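See structure below.
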Amino acid sequence: MSDHELIWRIAGGSGDGIDSTSQNFAKALMRSGLDVFTHRHYPSRIRGGHTYVEIRAAGHEVQSRGDGYNCLLALGDSFARNPQEDAYYGNEEIKPLSENLDELHEGGIIVYDSGLISEEDVAELNLEERAEENDWHVFAIDLRSMAKEHGREVMRNTAGVGVTAALLEMDLEHIENLMEDAMPEKILEPNLTILHEAYDMVTEEYEFEHDLRIPEGSHDEEQALLSGSNAIAYGSIDAGCRFIAGYPMTPWTDVFTIMSQNLPDMGGISEQVEDEIAAAALAVGASHAGVKAMSGSSGGGFALMSEPLGLAEMTETPVVLLESMRAGPSTGMPTKPEQGDLEFTLYTSQGDSARVVFAPGNIEEAYEQTRLAFHIAYEYQIPTIIIYDQKLSGENTNVPVSLLDREPAPTLGSVVTEAELEDMPHDPTGKFHRFQHDVDNNVSPRSLPGQKGGRYLATGNEHTPSGHISEDADNRVAQMERRVQKLEDIRRELDEEHESNQTYVGDETADFGIITWGSSQGAVFEAVERLNDDGHAVKAISVSDMMPFPEKEVTEFIESVDQAMVVEMNATAQFRGLIQKELGRYGDKLTSLLKYNGNPFEPAEIVEGYELNSNGSDADPSAQVRIEPAAGD
Amino acid sequence: MSAFNAIGEEREIDRNEFTPGIEPQATWCPGCGDFGVLKALKQALPEVGLTPEEVLTVTGIGCSGKLNSYLDTYGFHTIHGRSLPVARAAKLANDGLEVIAAGGDGDGYGIGGNHFMHTARENHDMTYIVFNNEVFGLTKGQTSPTSPKGHKSKTTPHGNAKSPIRPLSLALTSGATYIARTAAVNPNQAKEIIKEAIEHDGFAHIDFLTQCPTWNKDARQYVPYVDVQESDDYDFDITDRQEAQEMMFETETQLYEGTVLTGRYFVDERPSYQEQKKDLGEMPREPLAERYFDDDAEWERSYDLLERHK
């Protein structure tokens, strides 16, 4: 980590335009040559409630949120409820300021809208005193009046951006260009006026005593700012997926929306349906009839998909499903990330599971593994699930545009043509043997309804080669083994024909290893980098293949260290449990660092977890995380 | 050139083509009304010019779910209550297919009731046959959504306190555009109604009375039946929603009072979901499934969407 980075937090109420403002600001930073990474914190509430977006920007690669931040734009909450004594929510109006102080770095900048946040409320915070202690530079500016004077009150976030840019001595060029791209004429003019007004006012009227300035950087190649949801949707489009069915649920809705906005213009179909049982059943029906199809949901909605998921396994219908996790159980915390649905996703639905599950750890992996998911699903006729979470779904980072400059892959995989059907096995009366016992890779090629010579019965019951319902023991064993053994063939293909989905960092000779999965990757990798910079020897593996499990790679990693700490966002160490189940050992070697308070890991929390673990200390961590000792300890 | 040449194929069709050689005999109980549906379908399909491989029969679970084991078309025997979402997606994916969904009254009006309501509302171009035997047959005679009030079974030992569902009225309120009731004891009417339902462009719902001699009634209890179009006692306009509603209410009530009324109840020319979606630009004009076999198809790339992210 370089010392010179900007971590800017824009805080307000839901509905204050935090998201769009931060999106534009992040793009402006990216266009100026910086790497950016965003983190979104918001409540499950349509109007009001403290929300912020954090943008980390530096002249070097950033792959995680930072520890705390150094520049705050507190807009106040214009949709706050009336402060009532004893109400548990307290004074909401000031929360964008008050709730964010603990994480602000020493020497940091605070800009707040004194037009909305009252002086008395600020006085109650002891802001002056705390600012002095922490060397904070506080700018109370009436953004609201400035916005009202030249436009409308909602434009106060533009004023806030102008103030921030001035304080950071940041050129306005990129911000202006972005506003021109994004805003219709009518609101563009007043916004530009407000931007300049705010910028000039601060430049002229304030003495700068703070050190923080905009970092400098440059890119070798043009960049695009993508979220995890963008990456998954775009991976699907490039894999030739032209059918999606779904039902809205946070955070899965992001991918569903992106697909729905694009598919009709690409000759595809999007269906918003009555519930998630229907959604997954539609994807199965569409795939059965010969299109590349997907569906998905978040925990609660995914629970409804258990039935069609099992049907897809039994009928060997290819389908890609998304599980966009949020904090559970039940409705849980709808807008907060957690990695608590791993076991559920691996095993839900009756009978022995035969599915593939990938857990991408960053934007690039999200794109690549989604493409791979479609390839595996359609080649092996098996449901393939991308499991990710609210964090990866909503975080934005820049990637080189060449990442997506790729050939589309619209093949339907192991389907036959009518010509091929002529030479394939059939019953004497003409039914196609779509579920043959002995076939290459355990995959029996499928026909599609409407093809000549291909008719068969697909059924959720156990069935003979032509699909007829059968409880014959020999047939049962042959079909069951074929379906389950496909996973071994898939493992072989993943090991031999693709770059590993597992990612490694750190000192290869280290005796201490960190194991993580999914979206916790970025914070873990940054922690490992810091630890090695500070003279510790640590390495990490980020695992994406949940099923079939990358037994060889994880075994080699664990064998190469004395101790390993598994980092994940849940309370019951689900991934550690999976490792032990899959490898059948290492109970005494694996400890856990767990976080489940609704916020993703910060790198420093992992650094501390390492320190406590490697010292064998039983002291409590300072952050809201939990260390789970190795089994038997 | 199509990749699906069974679709639209013009040739002589023998009704025996629809009998699967591997399982020519159904396992339903002797006297079961389900035989009536199977027979009517085998007659109707060739008469409307359909060959086995351009038809996709999608079923749920129960005795009725076995339909496509005994009807030789492309088949998808799905899960309890879920035949409709699977069926309508197949139709969206390849609207050249003739899609027929089928299931029992528990399947369609109970566990799958939500899908029934919404598939009717959306007016998908398909046929849905509900085998209505007023009982859960395969699981041994429990009370179903269409069982009469007071029905005694092992799960309702003192009698069922619930009034039966009104399937025709439900279909009408939900938005189905062809609604009929027929009975296994009336094979000629059944065949004609199935033909009309298949040829109808929209969601066609047939409530098919299939006696269950094992748990409920035998065929005699559905006789005499009355065809409301042929009886002088009834006169209503099947294109008039209000008149249809009244006639449905009468029919549903009479069933439990011993008079079996059947026939066509409602027909509406509202455009099908597929047509509406195409008109809105939400669905391609050519079957989506064909595109995957078209070597000249141009596949859009996400790379061309990146402008908005730069």
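Chain labels run A, B, ... following the order of the structure tokens; each chain numbers its residues from 1, and ligands are numbered from 1 in the order shown.
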
Give me, as a PDB file with C-alpha atoms, in the first residue's frame, the contact residues of chain A against chain B at a cut-off of 6 Å, counting only C-alpha atoms.
```pdb
ATOM      1  CA  ALA A 224     -13.799   0.529 -17.916  1.00  0.00           C
ATOM      2  CA  LEU A 225     -15.432   0.780 -14.521  1.00  0.00           C
ATOM      3  CA  TYR A 234     -21.417  -9.524 -19.465  1.00  0.00           C
ATOM      4  CA  ASP A 238     -20.584 -13.303 -24.173  1.00  0.00           C
ATOM      5  CA  PRO A 264     -34.293  -7.660 -25.877  1.00  0.00           C
ATOM      6  CA  GLY A 267     -32.674 -10.889 -29.762  1.00  0.00           C
ATOM      7  CA  ILE A 269     -35.769 -12.817 -23.791  1.00  0.00           C
ATOM      8  CA  ALA A 278     -41.157 -20.382 -11.661  1.00  0.00           C
ATOM      9  CA  ALA A 281     -38.289 -23.690 -13.836  1.00  0.00           C
ATOM     10  CA  LEU A 282     -38.452 -21.310 -16.809  1.00  0.00           C
ATOM     11  CA  GLY A 285     -37.706 -25.203 -19.739  1.00  0.00           C
ATOM     12  CA  ALA A 286     -35.917 -22.775 -22.051  1.00  0.00           C
ATOM     13  CA  ALA A 289     -35.900 -26.421 -25.724  1.00  0.00           C
ATOM     14  CA  GLY A 290     -32.460 -25.284 -26.897  1.00  0.00           C
ATOM     15  CA  VAL A 291     -31.387 -21.873 -25.671  1.00  0.00           C
ATOM     16  CA  LEU A 404     -13.895  -8.085 -22.645  1.00  0.00           C
ATOM     17  CA  ASP A 405     -12.516  -7.936 -26.176  1.00  0.00           C
ATOM     18  CA  THR A 429     -40.017 -47.939 -32.001  1.00  0.00           C
ATOM     19  CA  PRO A 449     -37.813 -30.884 -29.020  1.00  0.00           C
ATOM     20  CA  GLY A 450     -38.747 -30.333 -32.642  1.00  0.00           C
ATOM     21  CA  GLN A 451     -35.769 -32.223 -34.011  1.00  0.00           C
ATOM     22  CA  LYS A 452     -36.569 -35.138 -36.282  1.00  0.00           C
ATOM     23  CA  ARG A 455     -37.959 -37.657 -29.215  1.00  0.00           C
ATOM     24  CA  TYR A 456     -37.508 -38.856 -25.656  1.00  0.00           C
ATOM     25  CA  LEU A 457     -38.981 -38.316 -22.225  1.00  0.00           C
ATOM     26  CA  ALA A 458     -37.197 -36.101 -19.734  1.00  0.00           C
ATOM     27  CA  THR A 459     -38.333 -36.907 -16.229  1.00  0.00           C
ATOM     28  CA  GLY A 460     -37.507 -36.159 -12.636  1.00  0.00           C
TER      29      GLY A 460
END
```

Would you mind writing down, as a PyMOL selection string, each residue of segment 148-290 of chain B that DSSP on the backbone assigns to strand (DSSP E or B)? chain B and resi 153+156+178-183+203-209+225-227+260-267

Just N, CA and C atoms for this one: save the residues we selected as a PDB file, in the first residue's frame.
```pdb
ATOM      1  N   SER B 153     -61.658 -38.413   4.061  1.00  0.00           N
ATOM      2  CA  SER B 153     -60.503 -39.186   3.624  1.00  0.00           C
ATOM      3  C   SER B 153     -59.618 -39.371   4.841  1.00  0.00           C
ATOM      4  N   THR B 156     -58.829 -36.126   6.261  1.00  0.00           N
ATOM      5  CA  THR B 156     -59.966 -35.324   6.732  1.00  0.00           C
ATOM      6  C   THR B 156     -61.017 -36.287   7.287  1.00  0.00           C
ATOM      7  N   TYR B 178     -59.265 -19.295 -23.619  1.00  0.00           N
ATOM      8  CA  TYR B 178     -60.133 -20.399 -24.056  1.00  0.00           C
ATOM      9  C   TYR B 178     -60.366 -21.261 -22.831  1.00  0.00           C
ATOM     10  N   ILE B 179     -61.629 -21.446 -22.443  1.00  0.00           N
ATOM     11  CA  ILE B 179     -61.921 -22.199 -21.225  1.00  0.00           C
ATOM     12  C   ILE B 179     -63.043 -23.192 -21.522  1.00  0.00           C
ATOM     13  N   ALA B 180     -62.774 -24.458 -21.208  1.00  0.00           N
ATOM     14  CA  ALA B 180     -63.774 -25.496 -21.474  1.00  0.00           C
ATOM     15  C   ALA B 180     -63.730 -26.544 -20.382  1.00  0.00           C
ATOM     16  N   ARG B 181     -64.824 -27.257 -20.253  1.00  0.00           N
ATOM     17  CA  ARG B 181     -64.828 -28.440 -19.382  1.00  0.00           C
ATOM     18  C   ARG B 181     -65.343 -29.602 -20.217  1.00  0.00           C
ATOM     19  N   THR B 182     -64.658 -30.713 -20.100  1.00  0.00           N
ATOM     20  CA  THR B 182     -65.140 -31.914 -20.764  1.00  0.00           C
ATOM     21  C   THR B 182     -64.985 -33.076 -19.796  1.00  0.00           C
ATOM     22  N   ALA B 183     -65.360 -34.263 -20.229  1.00  0.00           N
ATOM     23  CA  ALA B 183     -65.313 -35.401 -19.325  1.00  0.00           C
ATOM     24  C   ALA B 183     -64.871 -36.638 -20.068  1.00  0.00           C
ATOM     25  N   PHE B 203     -53.784 -18.905 -24.134  1.00  0.00           N
ATOM     26  CA  PHE B 203     -53.821 -19.922 -23.080  1.00  0.00           C
ATOM     27  C   PHE B 203     -55.175 -20.606 -23.061  1.00  0.00           C
ATOM     28  N   ALA B 204     -55.195 -21.903 -23.403  1.00  0.00           N
ATOM     29  CA  ALA B 204     -56.425 -22.676 -23.450  1.00  0.00           C
ATOM     30  C   ALA B 204     -56.456 -23.625 -22.262  1.00  0.00           C
ATOM     31  N   HIS B 205     -57.468 -23.483 -21.443  1.00  0.00           N
ATOM     32  CA  HIS B 205     -57.575 -24.297 -20.231  1.00  0.00           C
ATOM     33  C   HIS B 205     -58.742 -25.271 -20.370  1.00  0.00           C
ATOM     34  N   ILE B 206     -58.432 -26.548 -20.197  1.00  0.00           N
ATOM     35  CA  ILE B 206     -59.491 -27.566 -20.222  1.00  0.00           C
ATOM     36  C   ILE B 206     -59.559 -28.229 -18.862  1.00  0.00           C
ATOM     37  N   ASP B 207     -60.684 -28.059 -18.191  1.00  0.00           N
ATOM     38  CA  ASP B 207     -60.911 -28.794 -16.952  1.00  0.00           C
ATOM     39  C   ASP B 207     -61.543 -30.120 -17.370  1.00  0.00           C
ATOM     40  N   PHE B 208     -60.770 -31.196 -17.246  1.00  0.00           N
ATOM     41  CA  PHE B 208     -61.158 -32.487 -17.809  1.00  0.00           C
ATOM     42  C   PHE B 208     -61.581 -33.399 -16.661  1.00  0.00           C
ATOM     43  N   LEU B 209     -62.869 -33.714 -16.583  1.00  0.00           N
ATOM     44  CA  LEU B 209     -63.358 -34.558 -15.489  1.00  0.00           C
ATOM     45  C   LEU B 209     -62.942 -36.009 -15.729  1.00  0.00           C
ATOM     46  N   TYR B 225     -74.296 -36.589 -18.620  1.00  0.00           N
ATOM     47  CA  TYR B 225     -73.648 -35.279 -18.673  1.00  0.00           C
ATOM     48  C   TYR B 225     -74.430 -34.439 -19.671  1.00  0.00           C
ATOM     49  N   VAL B 226     -74.268 -33.163 -19.522  1.00  0.00           N
ATOM     50  CA  VAL B 226     -74.984 -32.249 -20.408  1.00  0.00           C
ATOM     51  C   VAL B 226     -73.965 -31.399 -21.148  1.00  0.00           C
ATOM     52  N   ASP B 227     -74.090 -31.308 -22.438  1.00  0.00           N
ATOM     53  CA  ASP B 227     -73.254 -30.385 -23.212  1.00  0.00           C
ATOM     54  C   ASP B 227     -74.011 -29.062 -23.288  1.00  0.00           C
ATOM     55  N   VAL B 260     -73.797 -32.986 -14.309  1.00  0.00           N
ATOM     56  CA  VAL B 260     -72.489 -32.763 -14.924  1.00  0.00           C
ATOM     57  C   VAL B 260     -72.659 -31.921 -16.184  1.00  0.00           C
ATOM     58  N   LEU B 261     -72.279 -30.658 -16.077  1.00  0.00           N
ATOM     59  CA  LEU B 261     -72.360 -29.765 -17.243  1.00  0.00           C
ATOM     60  C   LEU B 261     -70.982 -29.656 -17.879  1.00  0.00           C
ATOM     61  N   THR B 262     -70.930 -29.726 -19.186  1.00  0.00           N
ATOM     62  CA  THR B 262     -69.649 -29.632 -19.908  1.00  0.00           C
ATOM     63  C   THR B 262     -69.830 -28.758 -21.139  1.00  0.00           C
ATOM     64  N   GLY B 263     -68.695 -28.436 -21.777  1.00  0.00           N
ATOM     65  CA  GLY B 263     -68.753 -27.681 -23.022  1.00  0.00           C
ATOM     66  C   GLY B 263     -67.758 -26.537 -23.032  1.00  0.00           C
ATOM     67  N   ARG B 264     -67.937 -25.645 -23.982  1.00  0.00           N
ATOM     68  CA  ARG B 264     -67.088 -24.463 -24.086  1.00  0.00           C
ATOM     69  C   ARG B 264     -67.732 -23.364 -23.263  1.00  0.00           C
ATOM     70  N   TYR B 265     -66.910 -22.631 -22.538  1.00  0.00           N
ATOM     71  CA  TYR B 265     -67.460 -21.587 -21.667  1.00  0.00           C
ATOM     72  C   TYR B 265     -67.010 -20.182 -22.039  1.00  0.00           C
ATOM     73  N   PHE B 266     -65.794 -20.085 -22.588  1.00  0.00           N
ATOM     74  CA  PHE B 266     -65.300 -18.738 -22.879  1.00  0.00           C
ATOM     75  C   PHE B 266     -64.254 -18.785 -23.985  1.00  0.00           C
ATOM     76  N   VAL B 267     -64.378 -17.849 -24.918  1.00  0.00           N
ATOM     77  CA  VAL B 267     -63.346 -17.682 -25.929  1.00  0.00           C
ATOM     78  C   VAL B 267     -63.114 -16.192 -26.126  1.00  0.00           C
TER      79      VAL B 267
END
```

Have a look at B:Thr177, B:Gln211, B:Gln245, B:Asn123 and name the one nearest to Glu196 of chain B; count only C-alpha atoms.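 Result for the nearest residue to Glu196 of chain B: B:Thr177.
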
Can you tell me which residues surround Gly299 of chain A at a distance of at most 12 Å, considering only C-alpha atoms, apart from same-chain residues fewer than 5 positions away, and format the answer as a PDB file with C-alpha atoms, in the first residue's frame?
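Final output, around21.pdb:
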```pdb
ATOM      1  CA  MET A 249     -34.523  -9.597  -4.728  1.00  0.00           C
ATOM      2  CA  THR A 250     -31.553  -7.680  -3.377  1.00  0.00           C
ATOM      3  CA  PRO A 251     -28.734  -8.027  -4.340  1.00  0.00           C
ATOM      4  CA  TRP A 252     -29.431 -10.436  -7.245  1.00  0.00           C
ATOM      5  CA  GLU A 276     -38.434 -17.985  -7.915  1.00  0.00           C
ATOM      6  CA  LEU A 304     -37.438 -21.622  -3.705  1.00  0.00           C
ATOM      7  CA  MET A 305     -35.224 -22.774  -6.569  1.00  0.00           C
ATOM      8  CA  SER A 306     -34.251 -25.984  -4.800  1.00  0.00           C
ATOM      9  CA  LEU A 322     -26.755 -17.242  -9.529  1.00  0.00           C
ATOM     10  CA  GLU A 323     -26.767 -17.129  -5.743  1.00  0.00           C
ATOM     11  CA  SER A 324     -26.142 -13.557  -4.702  1.00  0.00           C
ATOM     12  CA  MET A 325     -25.719 -13.864  -0.951  1.00  0.00           C
ATOM     13  CA  ARG A 326     -26.758 -11.384   1.660  1.00  0.00           C
ATOM     14  CA  ALA A 327     -26.690 -11.671   5.445  1.00  0.00           C
ATOM     15  CA  GLY A 328     -29.137 -14.338   6.681  1.00  0.00           C
ATOM     16  CA  PRO A 329     -30.867 -16.300   8.132  1.00  0.00           C
ATOM     17  CA  SER A 330     -34.343 -15.633   6.737  1.00  0.00           C
ATOM     18  CA  THR A 331     -34.719 -12.034   5.571  1.00  0.00           C
ATOM     19  CA  GLY A 332     -31.548 -11.246   7.524  1.00  0.00           C
ATOM     20  CA  MET A 333     -29.935  -7.986   6.485  1.00  0.00           C
ATOM     21  CA  PRO A 334     -30.982  -7.517   2.863  1.00  0.00           C
ATOM     22  CA  PRO A 337     -22.827  -8.907   2.516  1.00  0.00           C
ATOM     23  CA  GLU A 338     -22.208 -12.314   4.030  1.00  0.00           C
ATOM     24  CA  GLN A 339     -20.859 -15.657   2.838  1.00  0.00           C
ATOM     25  CA  GLY A 340     -23.375 -17.681   4.799  1.00  0.00           C
ATOM     26  CA  ASP A 341     -25.117 -19.583   1.988  1.00  0.00           C
ATOM     27  CA  LEU A 342     -22.224 -21.829   0.945  1.00  0.00           C
ATOM     28  CA  GLU A 343     -23.428 -25.078   2.479  1.00  0.00           C
ATOM     29  CA  PHE A 344     -26.991 -24.338   1.408  1.00  0.00           C
ATOM     30  CA  THR A 345     -25.955 -23.739  -2.191  1.00  0.00           C
ATOM     31  CA  THR A 348     -29.949 -27.810  -1.302  1.00  0.00           C
ATOM     32  CA  ILE A 387     -22.156 -17.950  -5.733  1.00  0.00           C
ATOM     33  CA  TYR A 388     -21.217 -14.372  -4.861  1.00  0.00           C
ATOM     34  CA  ASP A 389     -22.440 -11.706  -2.486  1.00  0.00           C
ATOM     35  CA  GLN A 390     -23.659  -8.170  -2.010  1.00  0.00           C
TER      36      GLN A 390
END
```

State, in Å with one decimal place, the distance from atom CA of Leu50 of chain B to atom CA of Ile13 of chain B.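 Separating atom CA of Leu50 of chain B from atom CA of Ile13 of chain B is a distance of 7.7 Å.
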
Point-to-point distance in Å for atom CA of Met569 of chain A and atom CA of Glu313 of chain A: 28.6 Å

May I have the residues within 12 Å of segment 253-256 of chain B as a PDB file with N, CA and C atoms, in the first residue's frame, using only C-alpha atoms and disregarding those fewer than 3 positions away in the same chain?
```pdb
ATOM      1  N   ASN B 132     -59.179 -33.501 -13.685  1.00  0.00           N
ATOM      2  CA  ASN B 132     -59.875 -33.182 -12.446  1.00  0.00           C
ATOM      3  C   ASN B 132     -60.672 -34.399 -11.971  1.00  0.00           C
ATOM      4  N   ASN B 133     -60.120 -35.107 -10.956  1.00  0.00           N
ATOM      5  CA  ASN B 133     -60.840 -36.277 -10.427  1.00  0.00           C
ATOM      6  C   ASN B 133     -61.306 -36.031  -8.998  1.00  0.00           C
ATOM      7  N   GLU B 134     -61.183 -34.790  -8.558  1.00  0.00           N
ATOM      8  CA  GLU B 134     -61.692 -34.374  -7.243  1.00  0.00           C
ATOM      9  C   GLU B 134     -61.023 -35.099  -6.078  1.00  0.00           C
ATOM     10  N   THR B 146     -60.416 -29.791  -5.395  1.00  0.00           N
ATOM     11  CA  THR B 146     -61.743 -29.855  -6.008  1.00  0.00           C
ATOM     12  C   THR B 146     -62.653 -30.883  -5.327  1.00  0.00           C
ATOM     13  N   SER B 147     -62.196 -31.482  -4.233  1.00  0.00           N
ATOM     14  CA  SER B 147     -63.063 -32.424  -3.504  1.00  0.00           C
ATOM     15  C   SER B 147     -64.271 -31.667  -2.956  1.00  0.00           C
ATOM     16  N   PRO B 148     -65.403 -32.350  -2.926  1.00  0.00           N
ATOM     17  CA  PRO B 148     -66.588 -31.667  -2.405  1.00  0.00           C
ATOM     18  C   PRO B 148     -66.462 -31.356  -0.921  1.00  0.00           C
ATOM     19  N   LYS B 149     -67.189 -30.353  -0.491  1.00  0.00           N
ATOM     20  CA  LYS B 149     -67.233 -30.027   0.925  1.00  0.00           C
ATOM     21  C   LYS B 149     -67.768 -31.246   1.680  1.00  0.00           C
ATOM     22  N   GLY B 150     -67.153 -31.561   2.796  1.00  0.00           N
ATOM     23  CA  GLY B 150     -67.603 -32.707   3.565  1.00  0.00           C
ATOM     24  C   GLY B 150     -66.900 -34.004   3.181  1.00  0.00           C
ATOM     25  N   HIS B 151     -66.057 -33.955   2.145  1.00  0.00           N
ATOM     26  CA  HIS B 151     -65.350 -35.145   1.668  1.00  0.00           C
ATOM     27  C   HIS B 151     -64.516 -35.769   2.783  1.00  0.00           C
ATOM     28  N   SER B 163     -64.694 -25.422   0.928  1.00  0.00           N
ATOM     29  CA  SER B 163     -65.468 -25.477  -0.306  1.00  0.00           C
ATOM     30  C   SER B 163     -64.507 -25.715  -1.462  1.00  0.00           C
ATOM     31  N   PRO B 164     -64.942 -26.449  -2.468  1.00  0.00           N
ATOM     32  CA  PRO B 164     -64.032 -26.716  -3.582  1.00  0.00           C
ATOM     33  C   PRO B 164     -63.701 -25.444  -4.372  1.00  0.00           C
ATOM     34  N   ILE B 165     -62.550 -25.486  -4.994  1.00  0.00           N
ATOM     35  CA  ILE B 165     -62.118 -24.368  -5.845  1.00  0.00           C
ATOM     36  C   ILE B 165     -63.011 -24.347  -7.091  1.00  0.00           C
ATOM     37  N   ARG B 166     -63.142 -23.189  -7.720  1.00  0.00           N
ATOM     38  CA  ARG B 166     -63.943 -23.061  -8.933  1.00  0.00           C
ATOM     39  C   ARG B 166     -62.983 -22.863 -10.107  1.00  0.00           C
ATOM     40  N   PRO B 167     -62.594 -23.959 -10.740  1.00  0.00           N
ATOM     41  CA  PRO B 167     -61.497 -23.871 -11.722  1.00  0.00           C
ATOM     42  C   PRO B 167     -61.814 -23.024 -12.946  1.00  0.00           C
ATOM     43  N   LEU B 168     -63.029 -23.108 -13.448  1.00  0.00           N
ATOM     44  CA  LEU B 168     -63.356 -22.356 -14.663  1.00  0.00           C
ATOM     45  C   LEU B 168     -63.375 -20.862 -14.355  1.00  0.00           C
ATOM     46  N   SER B 169     -64.013 -20.520 -13.244  1.00  0.00           N
ATOM     47  CA  SER B 169     -64.068 -19.115 -12.837  1.00  0.00           C
ATOM     48  C   SER B 169     -62.674 -18.565 -12.575  1.00  0.00           C
ATOM     49  N   ARG B 181     -64.824 -27.257 -20.253  1.00  0.00           N
ATOM     50  CA  ARG B 181     -64.828 -28.440 -19.382  1.00  0.00           C
ATOM     51  C   ARG B 181     -65.343 -29.602 -20.217  1.00  0.00           C
ATOM     52  N   ALA B 183     -65.360 -34.263 -20.229  1.00  0.00           N
ATOM     53  CA  ALA B 183     -65.313 -35.401 -19.325  1.00  0.00           C
ATOM     54  C   ALA B 183     -64.871 -36.638 -20.068  1.00  0.00           C
ATOM     55  N   LEU B 209     -62.869 -33.714 -16.583  1.00  0.00           N
ATOM     56  CA  LEU B 209     -63.358 -34.558 -15.489  1.00  0.00           C
ATOM     57  C   LEU B 209     -62.942 -36.009 -15.729  1.00  0.00           C
ATOM     58  N   GLN B 221     -71.078 -42.138 -12.411  1.00  0.00           N
ATOM     59  CA  GLN B 221     -71.478 -40.933 -11.667  1.00  0.00           C
ATOM     60  C   GLN B 221     -71.306 -39.653 -12.486  1.00  0.00           C
ATOM     61  N   TYR B 222     -70.643 -39.750 -13.644  1.00  0.00           N
ATOM     62  CA  TYR B 222     -70.541 -38.589 -14.542  1.00  0.00           C
ATOM     63  C   TYR B 222     -71.562 -38.668 -15.666  1.00  0.00           C
ATOM     64  N   VAL B 223     -72.466 -39.630 -15.543  1.00  0.00           N
ATOM     65  CA  VAL B 223     -73.496 -39.784 -16.565  1.00  0.00           C
ATOM     66  C   VAL B 223     -74.849 -39.628 -15.877  1.00  0.00           C
ATOM     67  N   PRO B 224     -75.814 -38.928 -16.425  1.00  0.00           N
ATOM     68  CA  PRO B 224     -75.697 -38.262 -17.712  1.00  0.00           C
ATOM     69  C   PRO B 224     -74.951 -36.936 -17.580  1.00  0.00           C
ATOM     70  N   TYR B 225     -74.296 -36.589 -18.620  1.00  0.00           N
ATOM     71  CA  TYR B 225     -73.648 -35.279 -18.673  1.00  0.00           C
ATOM     72  C   TYR B 225     -74.430 -34.439 -19.671  1.00  0.00           C
ATOM     73  N   VAL B 226     -74.268 -33.163 -19.522  1.00  0.00           N
ATOM     74  CA  VAL B 226     -74.984 -32.249 -20.408  1.00  0.00           C
ATOM     75  C   VAL B 226     -73.965 -31.399 -21.148  1.00  0.00           C
ATOM     76  N   GLU B 246     -71.378 -16.400 -15.373  1.00  0.00           N
ATOM     77  CA  GLU B 246     -72.580 -16.953 -14.751  1.00  0.00           C
ATOM     78  C   GLU B 246     -72.725 -18.443 -15.052  1.00  0.00           C
ATOM     79  N   MET B 247     -72.450 -18.781 -16.280  1.00  0.00           N
ATOM     80  CA  MET B 247     -72.582 -20.183 -16.680  1.00  0.00           C
ATOM     81  C   MET B 247     -71.538 -21.058 -15.967  1.00  0.00           C
ATOM     82  N   MET B 248     -70.342 -20.514 -15.803  1.00  0.00           N
ATOM     83  CA  MET B 248     -69.291 -21.260 -15.088  1.00  0.00           C
ATOM     84  C   MET B 248     -69.711 -21.501 -13.637  1.00  0.00           C
ATOM     85  N   PHE B 249     -70.233 -20.465 -13.030  1.00  0.00           N
ATOM     86  CA  PHE B 249     -70.640 -20.566 -11.625  1.00  0.00           C
ATOM     87  C   PHE B 249     -71.701 -21.659 -11.464  1.00  0.00           C
ATOM     88  N   GLU B 250     -72.641 -21.629 -12.375  1.00  0.00           N
ATOM     89  CA  GLU B 250     -73.717 -22.628 -12.377  1.00  0.00           C
ATOM     90  C   GLU B 250     -73.130 -24.048 -12.546  1.00  0.00           C
ATOM     91  N   THR B 259     -75.355 -32.818 -11.278  1.00  0.00           N
ATOM     92  CA  THR B 259     -75.546 -32.575 -12.701  1.00  0.00           C
ATOM     93  C   THR B 259     -74.194 -32.213 -13.318  1.00  0.00           C
ATOM     94  N   VAL B 260     -73.797 -32.986 -14.309  1.00  0.00           N
ATOM     95  CA  VAL B 260     -72.489 -32.763 -14.924  1.00  0.00           C
ATOM     96  C   VAL B 260     -72.659 -31.921 -16.184  1.00  0.00           C
ATOM     97  N   LEU B 261     -72.279 -30.658 -16.077  1.00  0.00           N
ATOM     98  CA  LEU B 261     -72.360 -29.765 -17.243  1.00  0.00           C
ATOM     99  C   LEU B 261     -70.982 -29.656 -17.879  1.00  0.00           C
ATOM    100  N   THR B 262     -70.930 -29.726 -19.186  1.00  0.00           N
ATOM    101  CA  THR B 262     -69.649 -29.632 -19.908  1.00  0.00           C
ATOM    102  C   THR B 262     -69.830 -28.758 -21.139  1.00  0.00           C
TER     103      THR B 262
END
```

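Atom CA of Tyr109 of chain B is found 10.0 Å from atom CA of Ala171 of chain B.
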
Could you name the residues that touch Thr139 of chain B at 12 Å or less, counting only C-alpha atoms, but leaving out those on the same chain fewer than 2 positions away, as a list in words? Ile61, Gly62, Cys63, Gly106, Val135, Phe136, Gly137, Gly141, Gln142, Thr143, Ser144, Ser153, Lys154, Thr155, Thr214 and Trp215 of chain B
